[in-house]
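Novice: What follows is a single structure, and I will ask about it in a moment.
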Amino acid sequence: MRSIIYVYILIIVTILSSCTKNYDSINIDPNRPKSVTPGVMLGQLQYRIVSSTVRASRNFTHEIMQVDAPRSSPDGLGLHRYVINPGAALWTTLYNYLTDVQDIIDISTSLKEDNYRAIGLIYRSWIFSILTDCYGDVPFSDALKGTQGVLSPKFDTQKEIYTQILKDLDTANAIINTSKALTYGGDQMYNANTVTSSVNAGMIKWKKFANSLRLRLLLRLLKRDGELPVRTEIQRMLASSTIFPLITSNSDEGIFRFPGTYPYYNPYYNERQLEWRDGTYFTTFFINKLNTDNDPRRTIWARTVTVNGQQVYRGIESGYPSTTEYLVGANSSYNDAMKTATNLGVMLTYSEVEFILAELALRGFSTGKTVKQHYENGINASMVQWGLTTPTGFLSQPTIAFNDLGTFDNKLEQIMLQKYIAYFFVDYQSWFEKRRTGFPILPRGTGIPAANVFPSRCPYPTYLQSLNPASLNNAISSMGGDNSNIKVWWEK
């Protein structure tokens with residue numbers, strides 16, 4: 001009997017051992033990556049980042065810059081009345097993305113994949129430039145070291161942040177290999193995943209993006225020339241288009257084009273009518289400018305309303321009294337086609353680069369073209385960006401034609417007004433540029449309290465008072481306060 005029991009035990013042990021033999025190998029999914037690569041992370045990150053900045057452009061910038069205004073705001077608050085609440089959503093969202101960007105940089109560095117590293121440096125520079133331009137001093141050098149035990153990162157000054165950003169973009173430009181494909185794929189913006197005839201057209205575009213972003217940021221720092229070699233760096237870049245190629249056509253521009261397939265939809269794809277157009281209308285400042293110029297971009301961006309039997313584009317006052325409430329559907333709001341537009345993921349455009357060059361030419365830099373040529377190129381490029389052709393005679397209209405005989409401020413105002421229009425759905429840039437130049441000149445709404453001034457920054461998120469109080473207080477002391485009237489370093 002005992003021998004029979006032993007036989008049974010032996011049989012069971014044999015069966016169990018054979019069941020677990022090669023267990024690890026047969027349970028590996030051949031369709032899943034065995035390790036995290038830069039390519040696995042890149043495409044999803046590109047989509048998520050630009051989706052958040054597209055939403056920020058409408059929810060924040062369009063209101064503060066009088067592109068649109070809410071139908072009603074009885075509480076007397078609102079961005080259109082120059083009231084900015086502590087910006088927790090922006091802070092949290094962008095720092096979350098930065099952890100993924102840093103992973104791409106670290107992994108690509110260990111794999112000796114310089115093209116991924118360059119793309120990571122470009123994204124990190126772009127995100128940090130937005131953060132510091134919104135808040136001023138922010139965690140930078142210690143910001144992404146949580147796994148190393150740095151849980152209370154110091155706040156770097158904006159000067160320190162910009163110094164490193166400019167170096168990082170220089171590095172990205174230098175290490176890009178335009179004859180090598182991205183080993184692990186994943187690039188959904190420029191499709192730098194393949195090489196044709198020994199040329200990676202996508203990495204050439206990344207190179208142009210890096211330099212165009214660097215030129216944007218150098219122009220922003222022009223008041224700080226001397227503290228940093230701003231003019232020297234601009235001249236160095238303009239002197240060699242071979243070493244520092246810029247975006248020179250609409251095909252180069254930094255736009256994440258939403259594929260329109262799951263899960264990469266335009267972030268407004270499922271937006272309800274109430275949120276999309278019934279609660280917000282274009283302002284008279286913005287829509288009347290388009291009306292005066294008979295600007296064809298309004299047909300893409302806005303809906304008409306019926307007034308006295310005619311289809312017209314009509315706006316509302318920005319900064320109106322809190323007792324005002326506009327009727328639903330009585331004014332122009334966003335065109336429904338914009339909810340599925342594939343080209344809404346804008347980061348940096350050819351139009352912007354031409355307006356940058358127009359201003360630089362106005363300031364005496366050698367750009368190879370006249371101020372007027374860059375100005376007109378910028379308008380034309382914006383039209384093409386939105387699938388349009390500049391109408392015959394559009395550039396010669398009195399309200400558009402570049403005034404070569406005007407004063408410096410007259411010319412700068414013209415450039416900045418058209419740049420502002422072309423910044424439609426471009427994160428926070430028109431707000432930053434208004435703070436830098438004072439243009440465009442926005443009318444002051446009758447409902448804006450006298451004490452409210454145009455905001456220069458976002459206050460820090462309130463949760464930092466408990467999570468990182470010492471570093472936060474040092475930053476507030478360094479900046480001179482923590483309200484929306486405090487000017488950041490480059491604006492002073």
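By convention here, the chains of the structure tokens are called A, B, ... in the order presented, each chain's residues are numbered starting at 1, and ligands are numbered starting at 1 in the order presented.
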Compile the contact shell of region 250-254 of chain A as a ChimeraX atom specification: residues with an atom at most 6 Å away, counting only C-alpha atoms, same-chain residues fewer than 6 positions apart removed.
Specialist: /A:205,347-350
Novice: Kindly export the residues of the current selection with N, CA, C and O atoms, as a short mmCIF file (atom, residue, chain, number, x, y, z; two decimals), in the first residue's frame.
Specialist:
```cif
data_model
loop_
_atom_site.label_atom_id
_atom_site.label_comp_id
_atom_site.auth_asym_id
_atom_site.auth_seq_id
_atom_site.Cartn_x
_atom_site.Cartn_y
_atom_site.Cartn_z
N LYS A 205 14.03 68.20 -39.91
CA LYS A 205 12.98 69.07 -39.41
C LYS A 205 13.11 69.28 -37.90
O LYS A 205 12.86 70.37 -37.40
N MET A 347 2.79 73.76 -32.15
CA MET A 347 3.88 74.09 -31.23
C MET A 347 4.67 75.30 -31.72
O MET A 347 4.86 76.26 -31.00
N LEU A 348 5.10 75.26 -32.96
CA LEU A 348 5.90 76.36 -33.51
C LEU A 348 5.76 76.33 -35.03
O LEU A 348 5.98 75.29 -35.65
N THR A 349 5.39 77.46 -35.63
CA THR A 349 5.05 77.48 -37.05
C THR A 349 6.03 78.29 -37.89
O THR A 349 6.81 79.10 -37.37
N TYR A 350 5.95 78.06 -39.18
CA TYR A 350 6.73 78.86 -40.13
C TYR A 350 6.32 80.32 -40.05
O TYR A 350 7.16 81.23 -40.12
#
```
Novice: Mind running region 348-406 of chain A against region 284-303 of chain A at 10 Å and telling me each contacting residue's nearest atom pair with the distance in Å (one decimal), counting only C-alpha atoms, chain and number ascending, as CSV?
Specialist:
```
residue,atom,partner,partner_atom,distance
A:Ser382,CA,A:Arg297,CA,8.8
A:Met383,CA,A:Arg297,CA,7.0
A:Val384,CA,A:Arg297,CA,10.0
A:Trp386,CA,A:Arg297,CA,7.2
A:Gly387,CA,A:Ile300,CA,8.8
A:Leu388,CA,A:Pro296,CA,7.5
A:Thr389,CA,A:Pro296,CA,8.6
A:Thr390,CA,A:Pro296,CA,8.0
A:Pro391,CA,A:Pro296,CA,8.0
A:Phe394,CA,A:Asp293,CA,7.6
A:Leu395,CA,A:Asp293,CA,9.5
A:Gln397,CA,A:Asp293,CA,7.5
A:Pro398,CA,A:Asp293,CA,9.0
A:Thr399,CA,A:Asp293,CA,6.7
A:Ile400,CA,A:Asp293,CA,7.3
```
Novice: For region 210-227 of chain A, find every residue with an atom within 6 Å (counting only C-alpha atoms), except residues of its own chain fewer than 6 positions away, and show them as a PyMOL selection string.
Specialist: chain A and resi 169+246+490
Novice: If you keep C-alpha atoms, can you produce a file of those selected residues as a PDB file, in the first residue's frame?
Specialist:
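What landed in result_39.pdb:
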```pdb
ATOM      1  CA  LEU A 169      19.000  73.429 -27.691  1.00  0.00           C
ATOM      2  CA  LEU A 246      15.469  77.378 -39.320  1.00  0.00           C
ATOM      3  CA  TRP A 490      12.960  88.980 -18.971  1.00  0.00           C
TER       4      TRP A 490
END
```
Novice: Enumerate as a ChimeraX atom specification all residues of region 376-410 of chain A assigned to alpha helix (DSSP H) by DSSP on the backbone, naming them with the chain letters and numbers the document uses.
Specialist: /A:376-385,408-410
Novice: Output N, CA, C and O atoms of each residue in that selection to a file, as a PDB file, in the first residue's frame.
Specialist:
```
ATOM      1  N   GLU A 376       5.133  90.006 -44.660  1.00  0.00           N
ATOM      2  CA  GLU A 376       4.195  89.432 -45.626  1.00  0.00           C
ATOM      3  C   GLU A 376       4.331  87.913 -45.701  1.00  0.00           C
ATOM      4  O   GLU A 376       3.330  87.206 -45.849  1.00  0.00           O
ATOM      5  N   ASN A 377       5.560  87.410 -45.576  1.00  0.00           N
ATOM      6  CA  ASN A 377       5.762  85.957 -45.550  1.00  0.00           C
ATOM      7  C   ASN A 377       5.041  85.326 -44.359  1.00  0.00           C
ATOM      8  O   ASN A 377       4.483  84.227 -44.458  1.00  0.00           O
ATOM      9  N   GLY A 378       5.073  86.038 -43.222  1.00  0.00           N
ATOM     10  CA  GLY A 378       4.404  85.528 -42.034  1.00  0.00           C
ATOM     11  C   GLY A 378       2.901  85.406 -42.227  1.00  0.00           C
ATOM     12  O   GLY A 378       2.288  84.409 -41.820  1.00  0.00           O
ATOM     13  N   ILE A 379       2.296  86.402 -42.843  1.00  0.00           N
ATOM     14  CA  ILE A 379       0.852  86.364 -43.101  1.00  0.00           C
ATOM     15  C   ILE A 379       0.525  85.246 -44.095  1.00  0.00           C
ATOM     16  O   ILE A 379      -0.407  84.456 -43.880  1.00  0.00           O
ATOM     17  N   ASN A 380       1.293  85.176 -45.171  1.00  0.00           N
ATOM     18  CA  ASN A 380       1.065  84.138 -46.180  1.00  0.00           C
ATOM     19  C   ASN A 380       1.194  82.743 -45.569  1.00  0.00           C
ATOM     20  O   ASN A 380       0.398  81.837 -45.858  1.00  0.00           O
ATOM     21  N   ALA A 381       2.210  82.569 -44.719  1.00  0.00           N
ATOM     22  CA  ALA A 381       2.444  81.255 -44.112  1.00  0.00           C
ATOM     23  C   ALA A 381       1.291  80.851 -43.202  1.00  0.00           C
ATOM     24  O   ALA A 381       0.915  79.678 -43.139  1.00  0.00           O
ATOM     25  N   SER A 382       0.718  81.812 -42.486  1.00  0.00           N
ATOM     26  CA  SER A 382      -0.418  81.510 -41.632  1.00  0.00           C
ATOM     27  C   SER A 382      -1.623  81.075 -42.457  1.00  0.00           C
ATOM     28  O   SER A 382      -2.358  80.159 -42.077  1.00  0.00           O
ATOM     29  N   MET A 383      -1.818  81.722 -43.595  1.00  0.00           N
ATOM     30  CA  MET A 383      -2.921  81.325 -44.477  1.00  0.00           C
ATOM     31  C   MET A 383      -2.738  79.871 -44.935  1.00  0.00           C
ATOM     32  O   MET A 383      -3.669  79.061 -44.871  1.00  0.00           O
ATOM     33  N   VAL A 384      -1.541  79.552 -45.365  1.00  0.00           N
ATOM     34  CA  VAL A 384      -1.259  78.190 -45.849  1.00  0.00           C
ATOM     35  C   VAL A 384      -1.436  77.173 -44.717  1.00  0.00           C
ATOM     36  O   VAL A 384      -1.960  76.076 -44.925  1.00  0.00           O
ATOM     37  N   GLN A 385      -1.001  77.547 -43.528  1.00  0.00           N
ATOM     38  CA  GLN A 385      -1.132  76.668 -42.362  1.00  0.00           C
ATOM     39  C   GLN A 385      -2.573  76.217 -42.163  1.00  0.00           C
ATOM     40  O   GLN A 385      -2.829  75.081 -41.757  1.00  0.00           O
ATOM     41  N   PHE A 408       9.343 103.218 -35.434  1.00  0.00           N
ATOM     42  CA  PHE A 408       9.709 101.875 -34.980  1.00  0.00           C
ATOM     43  C   PHE A 408       8.515 101.214 -34.303  1.00  0.00           C
ATOM     44  O   PHE A 408       8.180 100.052 -34.596  1.00  0.00           O
ATOM     45  N   ASP A 409       7.853 101.931 -33.400  1.00  0.00           N
ATOM     46  CA  ASP A 409       6.715 101.357 -32.677  1.00  0.00           C
ATOM     47  C   ASP A 409       5.552 101.043 -33.608  1.00  0.00           C
ATOM     48  O   ASP A 409       4.844 100.049 -33.415  1.00  0.00           O
ATOM     49  N   ASN A 410       5.321 101.888 -34.608  1.00  0.00           N
ATOM     50  CA  ASN A 410       4.262 101.618 -35.596  1.00  0.00           C
ATOM     51  C   ASN A 410       4.522 100.287 -36.294  1.00  0.00           C
ATOM     52  O   ASN A 410       3.607  99.455 -36.442  1.00  0.00           O
TER      53      ASN A 410
END
```
Novice: Might you pull out every residue within 7 Å of Leu79 (chain A), with only C-alpha atoms counted and same-chain residues fewer than 5 positions away left off, and present them as a list in words?
Specialist: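 Within the cut-off, the hits are Glu63, Ile64 and Ile84 of chain A.
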Novice: Among region 273-480 of chain A, which residues carry a DSSP assignment of strand (DSSP E or B), reported as a list of chain:residue names?
Specialist: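 In region 273-480 of chain A, DSSP puts these residues in strand (DSSP E or B): A:Thr280, A:Tyr281, A:Phe282, A:Thr283, A:Ala302, A:Val305, A:Thr306, A:Val307, A:Gln310, A:Gln311, A:Val312, A:Ile316, A:Glu325, A:Tyr334, A:Gly345, A:Val346, A:Met347, A:Leu348.
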Novice: Set the distance at 9 Å and use only C-alpha atoms: which residues neighbour region 147-155 of chain A once local chain neighbours fewer than 3 positions away are removed? I'd like the list as number ranges by chain.
Specialist: A: 137-144, 467-472, 474-475
Novice: Got time to write the residues from that selection, C-alpha atoms, as a PDB file, in the first residue's frame?
Specialist:
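Final output, saved to part_20.pdb:
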```
ATOM      1  CA  ASP A 137      11.461  80.940 -10.967  1.00  0.00           C
ATOM      2  CA  VAL A 138      10.594  77.220 -10.955  1.00  0.00           C
ATOM      3  CA  PRO A 139      12.264  73.932  -9.980  1.00  0.00           C
ATOM      4  CA  PHE A 140      14.650  73.029 -12.781  1.00  0.00           C
ATOM      5  CA  SER A 141      18.038  71.538 -11.882  1.00  0.00           C
ATOM      6  CA  ASP A 142      16.528  69.439  -9.042  1.00  0.00           C
ATOM      7  CA  ALA A 143      13.072  69.061 -10.538  1.00  0.00           C
ATOM      8  CA  LEU A 144      13.289  65.551 -11.974  1.00  0.00           C
ATOM      9  CA  LEU A 467       4.729  70.169  -0.077  1.00  0.00           C
ATOM     10  CA  ASN A 468       7.793  72.387  -0.569  1.00  0.00           C
ATOM     11  CA  PRO A 469       7.434  75.456   1.680  1.00  0.00           C
ATOM     12  CA  ALA A 470      11.106  76.371   2.159  1.00  0.00           C
ATOM     13  CA  SER A 471      11.970  76.366  -1.543  1.00  0.00           C
ATOM     14  CA  LEU A 472       8.715  78.111  -2.393  1.00  0.00           C
ATOM     15  CA  ASN A 474      12.876  81.386  -1.190  1.00  0.00           C
ATOM     16  CA  ALA A 475      11.494  81.785  -4.722  1.00  0.00           C
TER      17      ALA A 475
END
```
Novice: I'd like to know which of A:Met237, A:Ile356, A:Met65, A:Leu274 is closest to Pro440 (chain A), using only C-alpha atoms.
Specialist: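 Of A:Met237, A:Ile356, A:Met65, A:Leu274, the one nearest Pro440 (chain A), counting only C-alpha atoms, is A:Met65.
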Novice: So how many Å separate CA of Tyr460 (chain A) and CA of Ile119 (chain A), to one decimal?
Specialist: 28.5 Å
Novice: Identify which of the residues A:Asp75, A:Glu233, A:Gly345, A:Gln158 lies closest to Lys492 (chain A), counting only C-alpha atoms when measuring atom-to-atom distances.
Specialist: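 Result for the nearest residue to Lys492 (chain A): A:Gln158.
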